[in-house]
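Printed here is target-v7.txt (compact mmCIF, C-alpha atoms):
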# COMPACT_ATOMS: atom_id res chain seq x y z
CA MET N 1 0.00 0.00 0.00
CA THR N 2 1.49 3.34 -0.99
CA ARG N 3 1.78 5.90 1.76
CA PRO N 4 3.37 8.85 0.03
CA GLU N 5 5.81 10.95 1.94
CA MET N 6 5.65 13.76 -0.60
CA ALA N 7 2.97 14.59 -3.12
CA GLY N 8 1.79 17.44 -5.29
CA PRO N 9 1.01 20.13 -5.94
CA GLY N 10 -0.90 18.63 -8.83
CA LYS N 11 -2.15 15.11 -9.35
CA THR N 12 -0.46 12.27 -7.56
CA ALA N 13 -1.05 8.52 -7.63
CA ILE N 14 -2.45 7.21 -4.38
CA THR N 15 -4.03 3.96 -3.24
CA LEU N 16 -7.10 3.85 -1.04
CA ALA N 17 -8.48 0.73 0.65
CA VAL N 18 -12.22 1.20 0.22
CA ASN N 19 -14.70 -1.42 1.40
CA GLY N 20 -12.05 -4.11 1.33
CA THR N 21 -10.82 -3.29 -2.18
CA SER N 22 -7.62 -1.54 -3.15
CA ARG N 23 -8.35 1.39 -5.49
CA GLN N 24 -5.80 3.37 -7.49
CA LEU N 25 -6.51 7.07 -7.91
CA GLU N 26 -4.87 10.18 -9.33
CA LEU N 27 -5.65 13.08 -7.01
CA GLU N 28 -4.46 16.52 -6.03
CA PRO N 29 -3.42 16.61 -2.36
CA ARG N 30 -6.18 19.11 -1.62
CA THR N 31 -8.88 16.54 -2.53
CA THR N 32 -11.00 15.54 0.44
CA LEU N 33 -11.89 11.93 1.09
CA ALA N 34 -15.54 12.78 0.43
CA GLU N 35 -14.68 14.21 -2.99
CA ALA N 36 -12.47 11.23 -3.84
CA LEU N 37 -15.21 8.76 -2.89
CA ARG N 38 -17.97 10.54 -4.77
CA ASN N 39 -16.29 12.14 -7.77
CA THR N 40 -13.44 9.76 -8.51
CA LEU N 41 -14.70 6.41 -7.28
CA GLY N 42 -18.41 7.02 -7.98
CA LEU N 43 -19.40 5.96 -4.48
CA THR N 44 -22.16 8.55 -4.19
CA GLY N 45 -23.81 7.04 -1.12
CA THR N 46 -21.60 9.31 0.97
CA LYS N 47 -23.20 12.76 0.90
CA ILE N 48 -21.65 16.21 1.03
CA ALA N 49 -23.96 18.79 2.60
CA CYS N 50 -22.34 21.52 4.71
CA ASN N 51 -18.81 20.56 3.58
CA ARG N 52 -17.34 22.07 6.74
CA GLY N 53 -17.79 19.53 9.51
CA ALA N 54 -21.07 20.82 10.87
CA CYS N 55 -23.63 18.27 9.61
CA SER N 56 -22.03 14.78 9.55
CA ALA N 57 -23.77 13.79 6.28
CA CYS N 58 -20.36 12.67 4.93
CA THR N 59 -19.61 10.25 7.78
CA VAL N 60 -17.60 7.17 6.80
CA TRP N 61 -15.44 4.80 8.82
CA LEU N 62 -11.68 5.10 9.01
CA ASN N 63 -10.31 1.93 10.58
CA GLY N 64 -13.81 1.26 11.91
CA GLN N 65 -14.30 4.67 13.51
CA PRO N 66 -16.79 7.23 12.22
CA VAL N 67 -15.07 10.31 10.80
CA LEU N 68 -16.07 13.22 8.60
CA SER N 69 -14.86 12.50 5.07
CA CYS N 70 -15.27 16.15 4.05
CA MET N 71 -12.79 17.13 6.75
CA THR N 72 -10.19 14.47 5.93
CA LEU N 73 -7.73 14.68 3.06
CA ALA N 74 -7.97 11.62 0.82
CA ILE N 75 -4.18 11.39 0.78
CA ASP N 76 -4.14 11.24 4.59
CA ALA N 77 -6.54 8.27 4.43
CA ALA N 78 -4.11 6.24 2.29
CA GLY N 79 -3.07 3.14 4.17
CA GLN N 80 -6.17 3.10 6.36
CA GLU N 81 -9.29 0.97 5.99
CA ILE N 82 -12.14 3.08 4.60
CA THR N 83 -15.73 1.82 4.92
CA THR N 84 -18.60 3.64 3.20
CA ILE N 85 -22.33 3.03 3.24
CA GLU N 86 -21.84 0.90 0.10
CA GLY N 87 -19.62 -1.44 2.12
CA LEU N 88 -21.96 -1.96 5.05
CA ALA N 89 -24.32 -4.53 3.56
CA HIS N 90 -23.21 -8.08 2.80
CA GLY N 91 -24.40 -8.56 -0.78
CA GLU N 92 -28.18 -8.48 -0.71
CA ALA N 93 -28.32 -8.74 3.08
CA LEU N 94 -28.60 -5.30 4.61
CA HIS N 95 -26.84 -4.37 7.83
CA PRO N 96 -29.25 -4.69 10.82
CA VAL N 97 -29.20 -0.90 11.22
CA GLN N 98 -30.23 -0.44 7.57
CA ASP N 99 -33.09 -2.93 7.99
CA ALA N 100 -34.22 -1.18 11.16
CA PHE N 101 -34.10 2.26 9.50
CA ILE N 102 -36.49 0.99 6.83
CA GLU N 103 -38.84 -0.64 9.35
CA HIS N 104 -38.94 2.43 11.56
CA ASP N 105 -39.22 5.02 8.78
CA ALA N 106 -36.02 6.57 10.09
CA MET N 107 -35.64 8.73 6.98
CA GLN N 108 -37.67 11.13 4.93
CA CYS N 109 -35.65 12.87 2.22
CA GLY N 110 -32.80 10.48 2.92
CA PHE N 111 -29.91 12.88 2.45
CA CYS N 112 -28.57 12.55 6.00
CA THR N 113 -29.37 8.82 6.14
CA PRO N 114 -26.08 7.25 4.96
CA GLY N 115 -24.14 9.28 7.50
CA MET N 116 -26.65 8.50 10.25
CA VAL N 117 -26.48 4.78 9.45
CA MET N 118 -22.67 4.80 9.57
CA SER N 119 -22.67 6.47 13.00
CA CYS N 120 -25.39 4.19 14.41
CA ALA N 121 -23.73 1.05 13.04
CA ALA N 122 -20.39 2.15 14.53
CA LEU N 123 -22.10 2.69 17.88
CA LEU N 124 -23.38 -0.90 17.88
CA GLU N 125 -19.88 -2.15 17.05
CA ARG N 126 -18.43 -0.64 20.23
CA ASN N 127 -21.55 -0.77 22.41
CA PRO N 128 -23.85 -3.63 21.37
CA HIS N 129 -26.57 -2.63 23.85
CA PRO N 130 -26.79 1.16 23.98
CA ASP N 131 -29.56 3.10 25.68
CA ALA N 132 -31.39 5.96 23.98
CA GLU N 133 -28.98 8.48 25.49
CA ALA N 134 -25.99 6.72 23.92
CA VAL N 135 -27.70 6.74 20.51
CA ARG N 136 -28.50 10.43 20.82
CA ASP N 137 -24.87 11.07 21.72
CA ALA N 138 -23.67 9.05 18.71
CA ILE N 139 -25.81 11.13 16.33
CA ALA N 140 -25.23 14.44 18.11
CA GLY N 141 -23.27 15.81 15.15
CA HIS N 142 -25.86 14.84 12.52
CA TYR N 143 -28.31 17.29 11.06
CA CYS N 144 -31.63 15.93 9.83
CA ARG N 145 -33.72 18.77 8.46
CA CYS N 146 -36.71 16.38 8.18
CA GLY N 147 -36.55 15.79 11.92
CA THR N 148 -36.31 12.00 11.92
CA TYR N 149 -34.24 11.85 15.12
CA PRO N 150 -36.77 9.96 17.29
CA HIS N 151 -37.14 7.33 14.56
CA VAL N 152 -33.38 7.03 14.19
CA VAL N 153 -33.06 6.37 17.92
CA ALA N 154 -35.91 3.82 17.85
CA ALA N 155 -34.42 2.07 14.82
CA THR N 156 -30.96 1.83 16.34
CA LEU N 157 -32.30 0.42 19.62
CA ALA N 158 -34.35 -2.12 17.63
CA ALA N 159 -31.28 -3.09 15.61
CA ALA N 160 -29.34 -3.61 18.83
CA GLU N 161 -31.99 -6.02 20.11
CA ARG N 162 -31.97 -7.97 16.88
CA LYS N 163 -28.20 -8.14 16.53
CA PRO N 164 -26.83 -11.52 17.58
CA MET D 1 -8.97 25.01 -1.16
CA TYR D 2 -5.79 26.04 -3.00
CA ASP D 3 -3.57 23.14 -3.98
CA PHE D 4 -0.41 22.52 -2.00
CA GLU D 5 2.48 20.18 -1.64
CA TYR D 6 1.69 17.48 0.89
CA LEU D 7 4.35 15.91 3.06
CA LYS D 8 3.99 13.18 5.63
CA PRO D 9 7.37 12.89 7.30
CA LYS D 10 8.18 9.94 9.55
CA ALA D 11 10.64 11.81 11.76
CA LEU D 12 9.94 14.78 14.02
CA ALA D 13 13.21 16.50 13.08
CA GLU D 14 12.27 16.32 9.42
CA ALA D 15 8.81 17.81 10.05
CA ALA D 16 10.28 20.59 12.19
CA SER D 17 12.95 21.37 9.61
CA ILE D 18 10.41 21.70 6.77
CA LEU D 19 8.22 23.98 8.91
CA ALA D 20 11.18 26.03 10.10
CA GLY D 21 12.55 26.50 6.58
CA ASP D 22 9.35 27.73 4.96
CA GLY D 23 7.15 30.36 6.56
CA ASP D 24 4.25 29.39 4.31
CA ALA D 25 4.35 25.71 5.31
CA LYS D 26 1.64 24.63 7.76
CA ALA D 27 1.35 21.66 10.08
CA LEU D 28 -1.70 19.40 9.86
CA ALA D 29 -2.82 17.52 12.97
CA GLY D 30 -6.43 16.29 13.00
CA GLY D 31 -7.54 18.98 10.57
CA MET D 32 -10.84 19.72 12.30
CA THR D 33 -10.12 23.45 12.20
CA PHE D 34 -7.38 23.65 9.60
CA ILE D 35 -9.24 21.94 6.74
CA PRO D 36 -12.28 24.27 7.00
CA VAL D 37 -9.83 27.20 7.05
CA LEU D 38 -8.20 25.90 3.87
CA LYS D 39 -11.60 25.41 2.23
CA GLN D 40 -12.48 29.02 2.91
CA ARG D 41 -9.16 30.01 1.31
CA LEU D 42 -8.25 31.92 4.46
CA ASN D 43 -4.84 30.32 4.24
CA LYS D 44 -2.68 29.42 1.24
CA PRO D 45 0.06 27.12 2.48
CA SER D 46 2.94 26.22 0.20
CA LYS D 47 3.27 22.90 1.99
CA VAL D 48 1.02 20.95 4.33
CA VAL D 49 3.08 18.88 6.73
CA ASP D 50 0.95 16.02 8.05
CA LEU D 51 2.09 15.08 11.57
CA ALA D 52 0.21 11.76 11.58
CA ALA D 53 3.23 9.51 10.96
CA LEU D 54 5.48 10.88 13.71
CA GLY D 55 4.31 8.51 16.43
CA LEU D 56 3.11 11.37 18.63
CA SER D 57 0.00 9.55 19.82
CA GLY D 58 -0.28 7.88 23.21
CA ILE D 59 -0.93 8.29 26.93
CA LYS D 60 1.56 7.73 29.75
CA VAL D 61 0.45 7.86 33.37
CA SER D 62 2.90 7.92 36.24
CA GLY D 63 1.90 8.48 39.85
CA GLU D 64 2.04 12.23 39.60
CA THR D 65 1.58 13.09 35.95
CA VAL D 66 -0.46 12.24 32.88
CA GLU D 67 1.42 12.79 29.64
CA ILE D 68 -0.65 12.89 26.47
CA GLY D 69 1.01 12.74 23.05
CA ALA D 70 0.16 15.69 20.81
CA MET D 71 -1.56 13.60 18.13
CA THR D 72 -3.77 11.72 20.60
CA THR D 73 -7.40 12.14 19.58
CA HIS D 74 -10.12 13.42 21.87
CA ALA D 75 -11.88 10.04 21.57
CA THR D 76 -8.74 8.25 22.79
CA VAL D 77 -8.39 10.55 25.81
CA ALA D 78 -12.10 10.23 26.60
CA ALA D 79 -11.97 6.43 26.48
CA SER D 80 -8.66 5.99 28.31
CA ALA D 81 -9.07 4.02 31.53
CA ASP D 82 -5.79 5.55 32.77
CA VAL D 83 -6.96 9.12 32.22
CA LYS D 84 -10.37 8.35 33.73
CA ARG D 85 -8.65 7.04 36.83
CA ALA D 86 -6.00 9.76 37.19
CA ILE D 87 -7.83 12.89 35.98
CA PRO D 88 -11.50 12.01 35.35
CA ALA D 89 -12.28 15.67 34.61
CA LEU D 90 -9.89 15.58 31.65
CA ALA D 91 -11.45 12.44 30.17
CA LYS D 92 -14.88 13.98 30.54
CA LEU D 93 -13.78 17.24 28.92
CA ALA D 94 -12.36 15.33 25.93
CA GLY D 95 -15.57 13.32 25.58
CA ASN D 96 -17.64 16.47 25.28
CA ILE D 97 -15.62 18.20 22.56
CA GLY D 98 -17.55 18.61 19.31
CA ASP D 99 -19.23 15.39 18.22
CA GLU D 100 -18.23 11.76 17.90
CA ALA D 101 -16.73 12.04 14.40
CA VAL D 102 -14.79 15.18 15.32
CA ARG D 103 -13.43 13.43 18.42
CA HIS D 104 -12.01 10.63 16.28
CA ARG D 105 -9.83 13.05 14.30
CA GLY D 106 -9.29 16.12 16.46
CA THR D 107 -6.15 16.08 18.60
CA ILE D 108 -4.98 17.73 21.83
CA GLY D 109 -1.89 19.16 20.14
CA GLY D 110 -3.91 20.59 17.28
CA SER D 111 -6.37 22.19 19.68
CA LEU D 112 -3.59 23.79 21.73
CA ALA D 113 -1.55 24.96 18.73
CA ASN D 114 -4.67 26.62 17.31
CA ASN D 115 -5.75 28.09 20.69
CA ASP D 116 -9.31 28.84 19.63
CA PRO D 117 -10.77 31.20 22.25
CA SER D 118 -13.73 28.82 22.71
CA ALA D 119 -11.81 25.52 22.78
CA CYS D 120 -12.01 23.29 25.86
CA TYR D 121 -8.45 21.97 26.24
CA PRO D 122 -6.83 25.38 26.92
CA ALA D 123 -8.94 25.65 30.09
CA ALA D 124 -7.70 22.28 31.36
CA VAL D 125 -4.08 23.05 30.52
CA LEU D 126 -4.15 26.46 32.23
CA ALA D 127 -6.14 25.38 35.30
CA MET D 128 -3.98 22.36 36.03
CA GLY D 129 -0.76 24.18 35.22
CA ALA D 130 0.21 21.66 32.58
CA THR D 131 3.45 21.80 30.61
CA ILE D 132 3.47 21.96 26.80
CA VAL D 133 6.39 19.91 25.51
CA THR D 134 7.73 20.77 22.06
CA ASN D 135 10.61 19.62 19.89
CA LYS D 136 12.60 22.52 21.37
CA ARG D 137 11.59 23.10 25.00
CA ARG D 138 9.03 22.78 27.76
CA ILE D 139 6.55 25.66 28.06
CA GLU D 140 4.57 26.30 31.24
CA ALA D 141 0.85 26.87 30.66
CA ASP D 142 1.06 30.37 32.13
CA ASN D 143 3.54 31.36 29.41
CA TYR D 144 1.98 29.43 26.56
CA PHE D 145 -1.37 31.13 25.86
CA GLN D 146 -0.83 34.60 24.38
CA GLY D 147 -4.27 35.72 23.25
CA MET D 148 -6.84 34.64 20.71
CA PHE D 149 -5.29 32.08 18.32
CA ALA D 150 -1.86 33.15 19.61
CA THR D 151 0.63 30.95 21.46
CA ALA D 152 4.29 30.91 22.47
CA LEU D 153 5.05 28.48 19.63
CA GLU D 154 7.71 29.67 17.21
CA GLN D 155 8.02 28.85 13.53
CA GLY D 156 9.19 25.27 13.21
CA GLU D 157 8.17 24.43 16.77
CA VAL D 158 5.93 21.37 17.07
CA ILE D 159 4.06 20.28 20.18
CA THR D 160 5.03 16.69 21.01
CA SER D 161 3.07 16.15 24.24
CA VAL D 162 1.30 17.78 27.16
CA VAL D 163 2.16 16.87 30.76
CA PHE D 164 -0.60 17.34 33.33
CA PRO D 165 0.25 17.20 37.03
CA VAL D 166 -2.46 15.02 38.63
CA PRO D 167 -4.70 17.31 40.73
CA ALA D 168 -6.35 16.33 44.01
CA LYS D 169 -9.60 17.83 42.78
CA ALA D 170 -10.67 18.99 39.34
CA ALA D 171 -13.77 19.52 37.25
CA TYR D 172 -14.81 21.24 34.05
CA MET D 173 -18.21 22.65 33.24
CA LYS D 174 -19.13 24.19 29.95
CA PHE D 175 -22.14 25.98 28.64
CA ALA D 176 -21.92 24.68 25.10
CA ASN D 177 -23.19 26.38 22.01
CA PRO D 178 -25.91 23.87 21.07
CA ALA D 179 -24.87 23.79 17.40
CA SER D 180 -21.08 23.83 17.47
CA ARG D 181 -20.53 22.42 20.97
CA TYR D 182 -17.81 25.00 21.45
CA ALA D 183 -17.80 26.60 24.89
CA MET D 184 -19.83 29.80 25.12
CA VAL D 185 -18.33 29.69 28.59
CA GLY D 186 -16.27 26.87 30.07
CA VAL D 187 -14.72 26.88 33.53
CA PHE D 188 -12.06 24.44 34.70
CA VAL D 189 -11.31 24.40 38.44
CA ALA D 190 -8.38 22.50 39.93
CA LYS D 191 -6.67 22.06 43.26
CA GLY D 192 -3.36 20.32 43.01
CA PRO D 193 0.43 20.54 42.88
CA LYS D 194 0.27 23.85 40.99
CA GLY D 195 -2.11 25.40 43.51
CA THR D 196 -5.78 26.30 43.38
CA ARG D 197 -6.48 27.52 39.87
CA VAL D 198 -9.51 28.52 37.82
CA ALA D 199 -9.35 28.89 34.03
CA VAL D 200 -12.10 30.31 31.86
CA THR D 201 -12.51 29.62 28.14
CA GLY D 202 -15.08 30.85 25.63
CA ALA D 203 -15.59 34.13 27.46
CA GLY D 204 -12.47 36.29 27.15
CA GLN D 205 -11.66 38.50 24.17
CA ASN D 206 -8.06 37.37 24.53
CA GLY D 207 -8.88 33.69 24.83
CA VAL D 208 -8.45 31.53 27.91
CA PHE D 209 -7.64 33.33 31.18
CA ARG D 210 -7.19 32.64 34.88
CA HIS D 211 -9.83 33.97 37.25
CA LYS D 212 -7.62 35.24 40.09
CA ALA D 213 -10.48 36.44 42.32
CA MET D 214 -12.08 33.00 42.25
CA GLU D 215 -8.72 31.34 42.84
CA GLU D 216 -8.19 33.40 46.00
CA ALA D 217 -11.70 32.62 47.23
CA LEU D 218 -11.28 28.91 46.59
CA ALA D 219 -7.82 28.80 48.16
CA LYS D 220 -9.39 30.00 51.42
CA ASN D 221 -12.52 27.92 51.16
CA TRP D 222 -12.99 25.24 48.50
CA SER D 223 -16.76 25.37 48.08
CA ALA D 224 -19.39 26.43 45.58
CA ASP D 225 -20.50 29.10 48.07
CA ALA D 226 -17.02 30.64 48.01
CA VAL D 227 -17.18 31.34 44.25
CA ALA D 228 -20.84 32.38 44.42
CA GLY D 229 -19.79 35.64 46.09
CA VAL D 230 -17.15 36.48 43.46
CA LYS D 231 -18.18 38.99 40.80
CA THR D 232 -16.92 38.59 37.24
CA PRO D 233 -16.65 41.92 35.38
CA ALA D 234 -18.07 41.94 31.85
CA ASP D 235 -15.20 44.15 30.67
CA GLY D 236 -13.01 42.29 28.22
CA LEU D 237 -15.50 39.49 27.68
CA ASN D 238 -16.86 38.47 24.27
CA SER D 239 -20.15 39.76 23.01
CA ASP D 240 -21.67 38.12 19.93
CA ILE D 241 -24.96 36.84 18.50
CA HIS D 242 -24.89 33.96 20.98
CA ALA D 243 -24.40 35.87 24.22
CA SER D 244 -23.64 39.35 25.51
CA ALA D 245 -20.57 40.05 27.63
CA GLU D 246 -22.83 40.50 30.68
CA TYR D 247 -24.48 37.13 30.08
CA ARG D 248 -21.09 35.47 29.67
CA ALA D 249 -19.93 37.09 32.93
CA HIS D 250 -22.97 35.59 34.64
CA LEU D 251 -22.30 32.19 33.09
CA VAL D 252 -18.71 32.21 34.38
CA GLY D 253 -20.11 32.32 37.91
CA VAL D 254 -22.67 29.60 37.26
CA MET D 255 -20.20 27.27 35.55
CA ALA D 256 -17.61 27.85 38.30
CA LYS D 257 -20.09 26.97 41.03
CA ARG D 258 -21.14 23.82 39.20
CA ALA D 259 -17.52 22.86 38.56
CA VAL D 260 -16.51 23.23 42.21
CA ALA D 261 -19.57 21.24 43.27
CA ALA D 262 -18.72 18.51 40.74
CA ALA D 263 -15.09 18.38 41.86
CA GLY D 264 -16.26 17.65 45.40

Target encoding structure tokens, full file:
Amino acid sequence: MTRPEMAGPGKTAITLAVNGTSRQLELEPRTTLAEALRNTLGLTGTKIACNRGACSACTVWLNGQPVLSCMTLAIDAAGQEITTIEGLAHGEALHPVQDAFIEHDAMQCGFCTPGMVMSCAALLERNPHPDAEAVRDAIAGHYCRCGTYPHVVAATLAAAERKP
Amino acid sequence: MYDFEYLKPKALAEAASILAGDGDAKALAGGMTFIPVLKQRLNKPSKVVDLAALGLSGIKVSGETVEIGAMTTHATVAASADVKRAIPALAKLAGNIGDEAVRHRGTIGGSLANNDPSACYPAAVLAMGATIVTNKRRIEADNYFQGMFATALEQGEVITSVVFPVPAKAAYMKFANPASRYAMVGVFVAKGPKGTRVAVTGAGQNGVFRHKAMEEALAKNWSADAVAGVKTPADGLNSDIHASAEYRAHLVGVMAKRAVAAAG
């Protein structure tokens, strides 16, 4: 895996490990991870909304931890395991949090949903049996202009009960 | 964001030398403030020197001190059993910075180098009398903070760790802006090897400051009642769309009382 010590200005070859696959890209150092995922790799599940770290719509996992991909340089993510919403399901089988979001109508327009799902799924990875307070804390950085928060909390608690 | 040359050195000396040799080169820690600044084109660095590969992350606890590596994330400090045991107030402070995703990238060194007037860590560093360790020297907290976004750091100087003397009592209370989670007012109180100290963040026009009147009151009588009688002048405090200087002055008293009560 390349981990460049020097790059740019201008396009540079980097390798990103995205959803278990090694991807070669040519990027300027200023490219954010969110831009690389969406514009270069076509993984448009990750959303860019505020683009300044205030809304969490762009949340992905870096080595299993939720981070803001709009606030991370793609080149800085080289050598780390990146997981996006596209990598959460196993084939046709949705992640328990995704299933629960559907059952509980935990989305309306859906724009904040991929980020919300990534944060809620990460919560269940480190705390398999959270209470409502822990879920609210996990999604504290997420904006949902449709106001689906109570459904997101209910869905995540339901997913926790179902998870083996 | 303007394009730049990106460097990720593996040795501290190399990073320091690049930063020292080029006044337009900037260090990147967690990026939670720096990347938005770059996006707004408020800064046009020639080089961005990523400090992530220098091995500056980690927590060491001895009997009397807690040393936190500069690149240690807020989430790591918040979750550390060692920090929770030695200085629970510090773990709690770290766990209430920003939001979960921010805490996984933002670092203590980045926060202190930036010295945002509403950041939480400066209050802890100043109240506990911590020492900022750099590649060049050790800087006492009282000499480190030099006003809003200003510090004692020189060009080419990189924070490597922060050493906190373990206090007997300590607590931090913040009145957070509900959107940004930055402190509209945050008060850290501590009684320990460096004395009885009170540091206020979020309120002062020149950034974090020590509240000497409260320190004197608490040195005589460590109780919430002791700070309740201390007036905080509104002069020199921030006034903005979120709160007037007078309201912030009031909040300093409220947060101080709560902090002393929480510290026990």

Compile a residue-level contact table for chain D against chain N at a cut-off of 6 Å, reporting for every qualifying residue the shortest atom pair and its distance in Å to one decimal, with all atoms listed in the file counted, rows ordered by chain and ascending number, as a tab-separated table.
residue	atom	partner	partner_atom	distance
D:Asp3	CA	N:Arg30	CA	5.4
D:Phe4	CA	N:Pro9	CA	4.8
D:Glu5	CA	N:Pro9	CA	4.5
D:Tyr6	CA	N:Ala7	CA	5.1
D:Leu7	CA	N:Met6	CA	4.4
D:Lys8	CA	N:Glu5	CA	4.7
D:Pro9	CA	N:Glu5	CA	5.9
D:Ile35	CA	N:Met71	CA	6.0
D:Pro36	CA	N:Arg52	CA	5.5
D:Asp99	CA	N:Gly141	CA	5.1
D:Ala101	CA	N:Val67	CA	4.3

*asked:* Using all atoms listed in the file, can you tell me which of N:Leu37, N:Ala160, N:Cys50, N:Ala155 comes closest to N:Glu103?
replied: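 Answer, going by the shortest atom-to-atom distance: N:Ala155.
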
_Close residues, stretch 220-225 of chain D itself excluded, 6 Å, all atoms listed in the file, min 6 positions apart in chain, as a list of chain:residue names_ =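 After dropping sequence-adjacent residues, the list is D:Lys257, D:Val260, D:Ala261.
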
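Relative to atom CA of N:Ala121, atom CA of N:Ala158 is found at 12.0 Å.
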
_Taking (-8.9, 16.6, 43.4) in the coordinates of the supplied file, I want to know which residues reach to within 10 Å of it, counting all atoms listed in the file; could you give the answer as a list in words?_
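Output: Ala86, Ile87, Pro88, Ala89, Val166, Pro167, Ala168, Lys169, Ala170, Ala171, Val189, Ala190, Lys191, Gly192, Ala263 and Gly264 of chain D.
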
*What separation in Å, quoted to one decimal, exists between atom CA of N:Val152 and atom CA of N:Phe101?*
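Those two atoms sit 6.7 Å apart.
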
_Given only C-alpha atoms as the basis, pick out the residue of D:Ala213, D:Met255, D:Ile159, D:Ala152 nearest to D:Ile132._
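Of the candidates, the smallest distance to D:Ile132 is held by D:Ile159.
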